[in-house]
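Have a look at run_37.pdb below; it lists PDB, C-alpha atoms.
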ATOM      1  CA  MET Y 725      23.949   8.090 -34.315
ATOM      2  CA  SER Y 726      21.390   6.486 -32.034
ATOM      3  CA  LEU Y 727      20.692   3.957 -29.303
ATOM      4  CA  PHE Y 728      17.744   1.594 -28.805
ATOM      5  CA  ILE Y 729      16.096   1.323 -25.403
ATOM      6  CA  THR Y 730      13.248  -0.595 -23.800
ATOM      7  CA  SER Y 731      11.992  -1.532 -20.374
ATOM      8  CA  LEU Y 732      11.420  -5.287 -20.275
ATOM      9  CA  ASN Y 733       9.765  -4.924 -16.853
ATOM     10  CA  SER Y 734       9.697  -2.233 -14.205
ATOM     11  CA  GLY Y 735       8.402  -2.568 -10.660
ATOM     12  CA  SER Y 736       8.848  -4.380  -7.376
ATOM     13  CA  ASN Y 737       8.100  -7.655  -9.196
ATOM     14  CA  GLY Y 738      11.156  -7.250 -11.432
ATOM     15  CA  ASN Y 739      13.321  -4.699 -13.212
ATOM     16  CA  CYS Y 740      15.229  -5.129 -16.462
ATOM     17  CA  TYR Y 741      16.271  -2.428 -18.932
ATOM     18  CA  TYR Y 742      17.819  -2.898 -22.393
ATOM     19  CA  ILE Y 743      20.127  -0.324 -24.003
ATOM     20  CA  GLY Y 744      21.968  -1.042 -27.228
ATOM     21  CA  ASN Y 745      22.991  -0.123 -30.756
ATOM     22  CA  ASP Y 746      23.080  -2.104 -33.994
ATOM     23  CA  SER Y 747      25.814  -4.468 -32.836
ATOM     24  CA  GLU Y 748      25.824  -4.715 -29.030
ATOM     25  CA  ALA Y 749      23.660  -4.103 -25.998
ATOM     26  CA  VAL Y 750      23.669  -4.286 -22.214
ATOM     27  CA  LEU Y 751      21.038  -5.149 -19.655
ATOM     28  CA  VAL Y 752      20.801  -3.006 -16.548
ATOM     29  CA  ASP Y 753      19.460  -5.324 -13.863
ATOM     30  CA  ALA Y 754      17.999  -8.770 -14.479
ATOM     31  CA  GLY Y 755      15.022  -8.963 -12.164
ATOM     32  CA  ILE Y 756      12.776 -11.208 -14.259
ATOM     33  CA  SER Y 757      13.448 -14.824 -15.181
ATOM     34  CA  CYS Y 758      15.668 -15.821 -18.079
ATOM     35  CA  ARG Y 759      12.674 -17.311 -19.893
ATOM     36  CA  GLU Y 760      10.573 -14.187 -19.454
ATOM     37  CA  THR Y 761      13.472 -11.986 -20.549
ATOM     38  CA  GLU Y 762      13.856 -14.037 -23.723
ATOM     39  CA  LYS Y 763      10.106 -14.014 -24.449
ATOM     40  CA  ARG Y 764       9.774 -10.274 -24.083
ATOM     41  CA  MET Y 765      12.854  -9.550 -26.161
ATOM     42  CA  ALA Y 766      11.617 -11.881 -28.898
ATOM     43  CA  ARG Y 767       8.278 -10.067 -29.020
ATOM     44  CA  LEU Y 768      10.212  -6.847 -29.613
ATOM     45  CA  GLY Y 769      12.419  -8.316 -32.331
ATOM     46  CA  LEU Y 770      15.475  -8.187 -30.065
ATOM     47  CA  THR Y 771      17.976 -10.968 -29.521
ATOM     48  CA  MET Y 772      20.153 -11.983 -26.587
ATOM     49  CA  ASN Y 773      22.994 -12.476 -29.073
ATOM     50  CA  LYS Y 774      23.548  -8.724 -29.034
ATOM     51  CA  VAL Y 775      23.648  -8.523 -25.237
ATOM     52  CA  LYS Y 776      27.292  -8.411 -24.154
ATOM     53  CA  ALA Y 777      27.032  -7.719 -20.412
ATOM     54  CA  ILE Y 778      24.685  -7.299 -17.446
ATOM     55  CA  PHE Y 779      25.087  -4.475 -14.935
ATOM     56  CA  ILE Y 780      23.546  -4.913 -11.478
ATOM     57  CA  SER Y 781      22.496  -1.855  -9.486
ATOM     58  CA  HIS Y 782      22.008  -3.541  -6.087
ATOM     59  CA  GLU Y 783      21.091  -6.837  -4.439
ATOM     60  CA  HIS Y 784      17.316  -6.649  -3.990
ATOM     61  CA  ILE Y 785      15.599  -9.632  -5.562
ATOM     62  CA  ASP Y 786      13.612  -7.577  -8.068
ATOM     63  CA  HIS Y 787      16.935  -6.618  -9.670
ATOM     64  CA  ILE Y 788      18.812  -9.946  -9.611
ATOM     65  CA  ARG Y 789      16.204 -12.701  -9.960
ATOM     66  CA  GLY Y 790      17.266 -13.798 -13.454
ATOM     67  CA  VAL Y 791      20.941 -12.922 -13.500
ATOM     68  CA  THR Y 792      22.428 -16.315 -12.599
ATOM     69  CA  VAL Y 793      20.634 -18.227 -15.343
ATOM     70  CA  LEU Y 794      21.084 -15.502 -17.962
ATOM     71  CA  ALA Y 795      24.792 -15.203 -17.267
ATOM     72  CA  LYS Y 796      25.363 -18.959 -17.366
ATOM     73  CA  LYS Y 797      23.261 -19.632 -20.474
ATOM     74  CA  TYR Y 798      24.725 -16.820 -22.579
ATOM     75  CA  ARG Y 799      28.201 -16.646 -20.960
ATOM     76  CA  LEU Y 800      27.657 -13.007 -20.085
ATOM     77  CA  PRO Y 801      29.940 -10.996 -17.830
ATOM     78  CA  VAL Y 802      28.098  -9.571 -14.844
ATOM     79  CA  TYR Y 803      29.318  -6.212 -13.587
ATOM     80  CA  ILE Y 804      28.565  -6.112  -9.884
ATOM     81  CA  THR Y 805      30.210  -4.928  -6.688
ATOM     82  CA  ASN Y 806      31.546  -7.427  -4.174
ATOM     83  CA  MET Y 807      29.137  -6.387  -1.424
ATOM     84  CA  THR Y 808      26.195  -6.663  -3.800
ATOM     85  CA  MET Y 809      27.306 -10.202  -4.647
ATOM     86  CA  VAL Y 810      27.591 -11.130  -0.981
ATOM     87  CA  HIS Y 811      24.328  -9.573   0.203
ATOM     88  CA  GLY Y 812      22.446 -10.889  -2.820
ATOM     89  CA  GLY Y 813      23.589 -14.451  -2.098
ATOM     90  CA  LEU Y 814      24.559 -14.899  -5.740
ATOM     91  CA  THR Y 815      26.612 -17.868  -6.942
ATOM     92  CA  LEU Y 816      27.946 -16.706 -10.280
ATOM     93  CA  GLU Y 817      30.808 -18.444 -12.055
ATOM     94  CA  GLU Y 818      34.016 -16.684 -11.077
ATOM     95  CA  GLN Y 819      35.091 -15.997 -14.655
ATOM     96  CA  LEU Y 820      31.807 -14.183 -15.340
ATOM     97  CA  VAL Y 821      32.065 -11.794 -12.390
ATOM     98  CA  MET Y 822      33.400  -8.331 -13.186
ATOM     99  CA  THR Y 823      33.604  -5.348 -10.912
ATOM    100  CA  PHE Y 824      33.158  -1.656 -11.503
ATOM    101  CA  ASN Y 825      34.043   1.535  -9.698
ATOM    102  CA  PRO Y 826      31.902   4.661  -9.525
ATOM    103  CA  TYR Y 827      32.682   7.277 -12.174
ATOM    104  CA  GLU Y 828      35.006   4.910 -14.080
ATOM    105  CA  PRO Y 829      33.481   4.090 -17.508
ATOM    106  CA  VAL Y 830      33.342   0.437 -18.542
ATOM    107  CA  GLN Y 831      33.637  -0.174 -22.292
ATOM    108  CA  ILE Y 832      31.315  -2.796 -23.765
ATOM    109  CA  GLY Y 833      32.198  -2.637 -27.439
ATOM    110  CA  THR Y 834      31.301   0.903 -28.472
ATOM    111  CA  LEU Y 835      29.055   1.414 -25.441
ATOM    112  CA  SER Y 836      30.357   3.136 -22.329
ATOM    113  CA  VAL Y 837      28.657   2.354 -19.007
ATOM    114  CA  THR Y 838      29.344   4.557 -15.990
ATOM    115  CA  ALA Y 839      28.090   3.854 -12.479
ATOM    116  CA  PHE Y 840      27.536   6.367  -9.722
ATOM    117  CA  PRO Y 841      26.379   5.987  -6.086
ATOM    118  CA  LYS Y 842      22.842   6.770  -4.947
ATOM    119  CA  HIS Y 843      20.737   6.751  -1.782
ATOM    120  CA  HIS Y 844      18.979   3.406  -1.301
ATOM    121  CA  ASP Y 845      18.755   0.844   1.485
ATOM    122  CA  ALA Y 846      21.189  -1.619  -0.056
ATOM    123  CA  SER Y 847      24.847  -2.434   0.524
ATOM    124  CA  GLU Y 848      26.469  -0.603  -2.416
ATOM    125  CA  PRO Y 849      23.672   0.840  -4.573
ATOM    126  CA  HIS Y 850      24.500   2.426  -7.925
ATOM    127  CA  SER Y 851      22.710   3.876 -10.893
ATOM    128  CA  PHE Y 852      24.099   3.975 -14.436
ATOM    129  CA  ILE Y 853      24.368   6.021 -17.572
ATOM    130  CA  VAL Y 854      25.029   4.286 -20.897
ATOM    131  CA  ALA Y 855      26.603   6.275 -23.708
ATOM    132  CA  GLY Y 856      27.277   5.500 -27.348
ATOM    133  CA  ASN Y 857      26.849   7.028 -30.791
ATOM    134  CA  ALA Y 858      26.844  10.474 -29.146
ATOM    135  CA  VAL Y 859      23.714   9.530 -27.163
ATOM    136  CA  THR Y 860      23.440   9.158 -23.367
ATOM    137  CA  ILE Y 861      20.778   7.106 -21.588
ATOM    138  CA  GLY Y 862      20.218   7.212 -17.818
ATOM    139  CA  ILE Y 863      18.737   4.534 -15.586
ATOM    140  CA  PHE Y 864      17.593   6.185 -12.345
ATOM    141  CA  THR Y 865      15.502   3.854 -10.174
ATOM    142  CA  ASP Y 866      15.466   2.845  -6.491
ATOM    143  CA  ILE Y 867      16.522   6.317  -5.427
ATOM    144  CA  GLY Y 868      15.780   7.512  -1.930
ATOM    145  CA  ALA Y 869      16.468  11.181  -2.597
ATOM    146  CA  PRO Y 870      17.345  13.372  -5.597
ATOM    147  CA  CYS Y 871      20.995  13.818  -4.662
ATOM    148  CA  GLU Y 872      23.622  15.731  -6.648
ATOM    149  CA  HIS Y 873      24.835  12.494  -8.295
ATOM    150  CA  VAL Y 874      21.404  11.824  -9.794
ATOM    151  CA  ILE Y 875      20.870  15.444 -10.834
ATOM    152  CA  ARG Y 876      24.266  15.821 -12.500
ATOM    153  CA  HIS Y 877      23.869  12.661 -14.563
ATOM    154  CA  PHE Y 878      20.223  13.348 -15.417
ATOM    155  CA  GLN Y 879      21.318  16.600 -17.027
ATOM    156  CA  GLN Y 880      23.447  14.632 -19.513
ATOM    157  CA  CYS Y 881      20.688  12.368 -20.831
ATOM    158  CA  HIS Y 882      18.984  12.288 -24.217
ATOM    159  CA  ALA Y 883      16.545   9.804 -22.650
ATOM    160  CA  ALA Y 884      16.125   8.383 -19.170
ATOM    161  CA  PHE Y 885      14.362   5.786 -17.088
ATOM    162  CA  LEU Y 886      13.306   7.746 -13.993
ATOM    163  CA  GLU Y 887      11.645   6.299 -10.922
ATOM    164  CA  ALA Y 888       8.192   7.637  -9.998
ATOM    165  CA  ASN Y 889       7.355   5.104  -7.333
ATOM    166  CA  TYR Y 890       4.496   6.503  -5.277
ATOM    167  CA  ASP Y 891       1.853   9.169  -4.982
ATOM    168  CA  GLU Y 892       2.180  10.779  -1.554
ATOM    169  CA  GLU Y 893      -1.545  10.848  -0.828
ATOM    170  CA  MET Y 894      -2.061   7.250  -1.946
ATOM    171  CA  LEU Y 895       0.816   6.133   0.286
ATOM    172  CA  ASP Y 896      -0.537   8.087   3.264
ATOM    173  CA  LYS Y 897      -4.030   6.619   2.927
ATOM    174  CA  GLY Y 898      -2.950   3.163   1.840
ATOM    175  CA  ARG Y 899      -2.807  -0.146   3.655
ATOM    176  CA  TYR Y 900       0.959  -0.315   4.186
ATOM    177  CA  PRO Y 901       2.107  -0.423   7.835
ATOM    178  CA  TYR Y 902       3.797   2.655   9.219
ATOM    179  CA  TYR Y 903       7.321   1.191   9.179
ATOM    180  CA  LEU Y 904       7.038   0.389   5.477
ATOM    181  CA  LYS Y 905       5.689   3.835   4.615
ATOM    182  CA  LYS Y 906       8.582   5.320   6.558
ATOM    183  CA  ARG Y 907      11.062   3.141   4.667
ATOM    184  CA  ILE Y 908       9.656   4.095   1.259
ATOM    185  CA  ARG Y 909       9.823   7.860   1.814
ATOM    186  CA  GLY Y 910      12.624   7.966   4.371
ATOM    187  CA  GLY Y 911      15.466   9.083   2.109
ATOM    188  CA  LYS Y 912      16.807   5.628   1.239
ATOM    189  CA  GLY Y 913      13.694   4.132  -0.304
ATOM    190  CA  HIS Y 914      12.043   5.445  -3.451
ATOM    191  CA  LEU Y 915      11.210   8.650  -5.297
ATOM    192  CA  SER Y 916       7.691  10.014  -5.166
ATOM    193  CA  ASN Y 917       5.887  11.358  -8.215
ATOM    194  CA  LYS Y 918       6.460  14.869  -6.867
ATOM    195  CA  GLN Y 919      10.210  14.324  -6.435
ATOM    196  CA  ALA Y 920      10.542  12.774  -9.894
ATOM    197  CA  LEU Y 921       8.583  15.621 -11.462
ATOM    198  CA  GLU Y 922      10.820  18.174  -9.760
ATOM    199  CA  ILE Y 923      13.915  16.481 -11.181
ATOM    200  CA  PHE Y 924      12.335  16.454 -14.628
ATOM    201  CA  THR Y 925      11.069  20.028 -14.697
ATOM    202  CA  THR Y 926      14.115  21.564 -13.009
ATOM    203  CA  TYR Y 927      17.005  19.614 -14.516
ATOM    204  CA  ARG Y 928      15.774  18.252 -17.844
ATOM    205  CA  PRO Y 929      18.268  19.110 -20.577
ATOM    206  CA  PRO Y 930      16.836  20.742 -23.717
ATOM    207  CA  PHE Y 931      17.846  17.718 -25.822
ATOM    208  CA  MET Y 932      15.965  15.124 -23.722
ATOM    209  CA  SER Y 933      13.562  13.519 -26.186
ATOM    210  CA  HIS Y 934      12.178  10.722 -24.040
ATOM    211  CA  LEU Y 935      11.370   9.990 -20.396
ATOM    212  CA  LEU Y 936      10.315   6.501 -19.286
ATOM    213  CA  LEU Y 937       8.751   6.617 -15.827
ATOM    214  CA  ALA Y 938       9.782   3.514 -13.946
ATOM    215  CA  HIS Y 939       9.297   1.354 -10.848
ATOM    216  CA  LEU Y 940       5.713   2.460 -10.126
ATOM    217  CA  SER Y 941       4.217   0.960  -6.984
ATOM    218  CA  ARG Y 942       1.326  -1.409  -7.550
ATOM    219  CA  ASP Y 943      -0.546  -0.176  -4.474
ATOM    220  CA  ASN Y 944       0.571   3.425  -4.053
ATOM    221  CA  ASN Y 945       0.514   4.782  -7.583
ATOM    222  CA  SER Y 946      -1.489   4.826 -10.792
ATOM    223  CA  PRO Y 947      -0.080   4.752 -14.344
ATOM    224  CA  ALA Y 948      -2.890   7.047 -15.520
ATOM    225  CA  LEU Y 949      -2.207   9.525 -12.713
ATOM    226  CA  VAL Y 950       1.519   9.624 -13.480
ATOM    227  CA  GLN Y 951       0.981   9.941 -17.219
ATOM    228  CA  GLU Y 952      -1.371  12.874 -16.776
ATOM    229  CA  LEU Y 953       0.906  14.592 -14.263
ATOM    230  CA  PHE Y 954       4.017  14.449 -16.447
ATOM    231  CA  ASP Y 955       2.220  15.148 -19.726
ATOM    232  CA  GLN Y 956       1.261  18.538 -18.318
ATOM    233  CA  HIS Y 957       4.975  19.401 -18.072
ATOM    234  CA  ALA Y 958       6.362  17.423 -21.021
ATOM    235  CA  ASN Y 959       7.294  20.456 -23.128
ATOM    236  CA  GLY Y 960       8.177  18.303 -26.137
ATOM    237  CA  THR Y 961       9.584  15.305 -24.273
ATOM    238  CA  GLN Y 962       7.733  12.055 -24.960
ATOM    239  CA  ILE Y 963       6.490  10.553 -21.682
ATOM    240  CA  VAL Y 964       6.076   6.782 -21.361
ATOM    241  CA  VAL Y 965       5.015   4.897 -18.240
ATOM    242  CA  ALA Y 966       6.945   1.611 -18.024
ATOM    243  CA  SER Y 967       4.747  -1.327 -17.059
ATOM    244  CA  ARG Y 968       5.235  -3.830 -14.243
ATOM    245  CA  PHE Y 969       3.474  -6.477 -16.372
ATOM    246  CA  GLU Y 970       4.969  -6.221 -19.866
ATOM    247  CA  GLU Y 971       7.658  -4.697 -22.007
ATOM    248  CA  THR Y 972       7.479  -1.229 -23.527
ATOM    249  CA  ALA Y 973       8.074  -0.612 -27.201
ATOM    250  CA  VAL Y 974      11.648  -0.206 -28.392
ATOM    251  CA  TYR Y 975      12.546   3.470 -28.687
ATOM    252  CA  HIS Y 976      15.160   4.793 -31.084
ATOM    253  CA  ILE Y 977      16.968   7.678 -29.362
ATOM    254  CA  SER Y 978      19.078   9.990 -31.492
ATOM    255  CA  VAL Y 979      20.898  13.303 -31.083
ATOM    256  CA  ARG Y 980      18.458  15.081 -33.380
ATOM    257  CA  ASN Y 981      16.004  15.748 -30.540
ATOM    258  CA  THR Y 982      13.610  13.250 -32.113
ATOM    259  CA  CYS Y 983      12.576   9.818 -31.069
ATOM    260  CA  GLU Y 984      11.048   7.014 -33.102
ATOM    261  CA  VAL Y 985       9.125   3.994 -31.910
ATOM    262  CA  LEU Y 986      10.334   0.879 -33.670
ATOM    263  CA  PRO Y 987       7.621  -1.508 -34.875
ATOM    264  CA  GLN Y 988       7.161  -4.664 -32.828
ATOM    265  CA  ASN Y 989       7.014  -8.097 -34.390
ATOM    266  CA  ASP Y 990       3.547  -9.670 -34.688
TER     267      ASP Y 990
END
Have the structure of the file written as structure tokens, please.
Amino acid sequence: MSLFITSLNSGSNGNCYYIGNDSEAVLVDAGISCRETEKRMARLGLTMNKVKAIFISHEHIDHIRGVTVLAKKYRLPVYITNMTMVHGGLTLEEQLVMTFNPYEPVQIGTLSVTAFPKHHDASEPHSFIVAGNAVTIGIFTDIGAPCEHVIRHFQQCHAAFLEANYDEEMLDKGRYPYYLKKRIRGGKGHLSNKQALEIFTTYRPPFMSHLLLAHLSRDNNSPALVQELFDQHANGTQIVVASRFEETAVYHISVRNTCEVLPQND
């Protein structure tokens, strides 16, 4: 009664999240190269043979960079909206392209993947929850504002990837031009540490065992700062900061309100 999760990479240089059980898995976004995806999974003792589908949240390059090669090499169906395909300039084989509708679960073996709309500056942006073995995992990144869709689904999760993109003071004092700062915090950009923390402390369900903080800005955030901030409010939830340079460990999420870290291969 568990699922296995890992972040293979998280940040503006590429996003890719693995959720699976003993027999099948899905990737949410494929923003790093096929080769790098394979390398990182191999280091974790994971195999692409278990991956049965890729789900794409939106068309920005850090979410689609590796999808064409991965889909072709492993003959994987890619669940993606039509407008995301068009605006991403993707040329996927027709037989590998699948669509999805918000709030309509897609069955991938015993896994159920449900999309829902979010605020982000893309054509048809969605986030996802993945459920199986009585466990629900949420992937909440590239979120401009903590809308009711995000909150309602966050409350269902035994574990979640939650965006904590920027520290407000670091963004204010940083080198980004005004228009870019405005885009980041303008309601269709990204969640700040403060916004992410409010979601966590206000809407965390009592059975949430694990929170992976995701999509940290290279210039406007600090992993140490985020870790310290959320650890102060963890209240029994394990906090992990997902890296923009390497994979996390594989975490074993169960309904028993416990979470194990699986050993990595040497």
Exercise for the section: Identify all residues satisfying the PyMOL selection byres ((chain Y and resi 944) around 9) in the given file; provide them as a ChimeraX atom specification. Expected result: /Y:889-898,940-943,945-946
Run the PyMOL selection byres ((chain Y and resi 846-850) around 9) against the file shown and list the residues it catches, as a short mmCIF file (atom, residue, chain, number, x, y, z; two decimals) with C-alpha atoms, in the frame of the given file.
data_model
loop_
_atom_site.label_atom_id
_atom_site.label_comp_id
_atom_site.auth_asym_id
_atom_site.auth_seq_id
_atom_site.Cartn_x
_atom_site.Cartn_y
_atom_site.Cartn_z
CA ILE Y 780 23.55 -4.91 -11.48
CA SER Y 781 22.50 -1.86 -9.49
CA HIS Y 782 22.01 -3.54 -6.09
CA GLU Y 783 21.09 -6.84 -4.44
CA HIS Y 784 17.32 -6.65 -3.99
CA THR Y 805 30.21 -4.93 -6.69
CA ASN Y 806 31.55 -7.43 -4.17
CA MET Y 807 29.14 -6.39 -1.42
CA THR Y 808 26.20 -6.66 -3.80
CA HIS Y 811 24.33 -9.57 0.20
CA PRO Y 826 31.90 4.66 -9.52
CA ALA Y 839 28.09 3.85 -12.48
CA PHE Y 840 27.54 6.37 -9.72
CA PRO Y 841 26.38 5.99 -6.09
CA LYS Y 842 22.84 6.77 -4.95
CA HIS Y 843 20.74 6.75 -1.78
CA HIS Y 844 18.98 3.41 -1.30
CA ASP Y 845 18.76 0.84 1.48
CA SER Y 851 22.71 3.88 -10.89
CA PHE Y 852 24.10 3.98 -14.44
CA ASP Y 866 15.47 2.84 -6.49
CA LYS Y 912 16.81 5.63 1.24
#
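The gap separating CA of Thr761 (chain Y) from CA of Cys740 (chain Y) is 8.2 Å, in Å to one decimal.
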Problem - Best match for closeness to Ile861 (chain Y) among Y:Leu732, Y:Ile778, Y:Ile977, Y:Val810, counting all atoms listed in the file - result: Y:Ile977
Problem - Neighbour list for Gly856 (chain Y) as a PyMOL selection string, cut-off 8 Å, all atoms listed in the file, skip fewer than 5 positions in-chain - result: chain Y and resi 726-727+745+834-836
Exercise for the section: Report the residues retrieved by the PyMOL selection byres ((chain Y and resi 934) around 9) from the displayed file, expressed as a list in words. Expected result: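 In the shown coordinates, the PyMOL selection byres ((chain Y and resi 934) around 9) covers His882, Ala883, Ala884, Phe885, Met932, Ser933, Leu935, Leu936, Gly960, Thr961, Gln962, Ile963, Val964, Tyr975, Ile977, Thr982 and Cys983 of chain Y.
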Problem - Straight-line distance linking CA of Gly755 (chain Y) with CA of Gly833 (chain Y), stated in Å to one decimal - result: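 We find that CA of Gly755 (chain Y) and CA of Gly833 (chain Y) lie 23.8 Å from each other.
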Completion exercise
Using all atoms listed in the file, the shortest atom-to-atom distance to Val830 (chain Y) among Y:Gly868, Y:Val793, Y:Val750, Y:Gly769 belongs to Y:Val750
Exercise for the section: Using CA of Ile923 (chain Y) and CA of Asn737 (chain Y) as the two end points, give the distance in Å to one decimal. Expected result: 24.9 Å
Handout entry: For Phe969 (chain Y): contacts at 8 Å, all atoms listed in the file, fewer than 2 positions along chain excluded, given as a list in words
Key = Asn733, Ser734, Ser967 and Glu971 of chain Y
Exercise for the section: Might you pull out every residue within 7 Å of Ile729 (chain Y), with only C-alpha atoms counted and same-chain residues fewer than 3 positions away left off, and present them as an MDAnalysis selection string? Expected result: chainID Y and resid 742:744 974:976
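Among the candidate residues Y:Ala869, Y:Ala973, Y:Leu751, Y:Leu820, the one lying nearest to Asn739 (chain Y) is Y:Leu751, with distances computed using only C-alpha atoms.
Among Y:Gly862, Y:Gly813, Y:Gly911, Y:Gly738, the residue with the shortest atom-to-atom distance to Arg968 (chain Y), counting only C-alpha atoms, is Y:Gly738.
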Practice task
Could you give me, as a ChimeraX atom specification, the residues within 12 Å of Lys796 (chain Y), counting all atoms listed in the file and dropping anything in the same chain fewer than 6 positions from it?
Solution key: /Y:758,777-778,790,802,815-821
Handout entry: Y:Phe954, Y:Tyr798, Y:Phe779, Y:Phe864 ranked by distance to Phe824 (chain Y), top pick (using only C-alpha atoms)
Key =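 The shortest atom-to-atom distance to Phe824 (chain Y) comes from Y:Phe779.
Across Y:Lys774, Y:Lys763, Y:Arg789, Y:His939, the tightest approach to Gly812 (chain Y) is made by Y:Arg789 when counting all atoms listed in the file.
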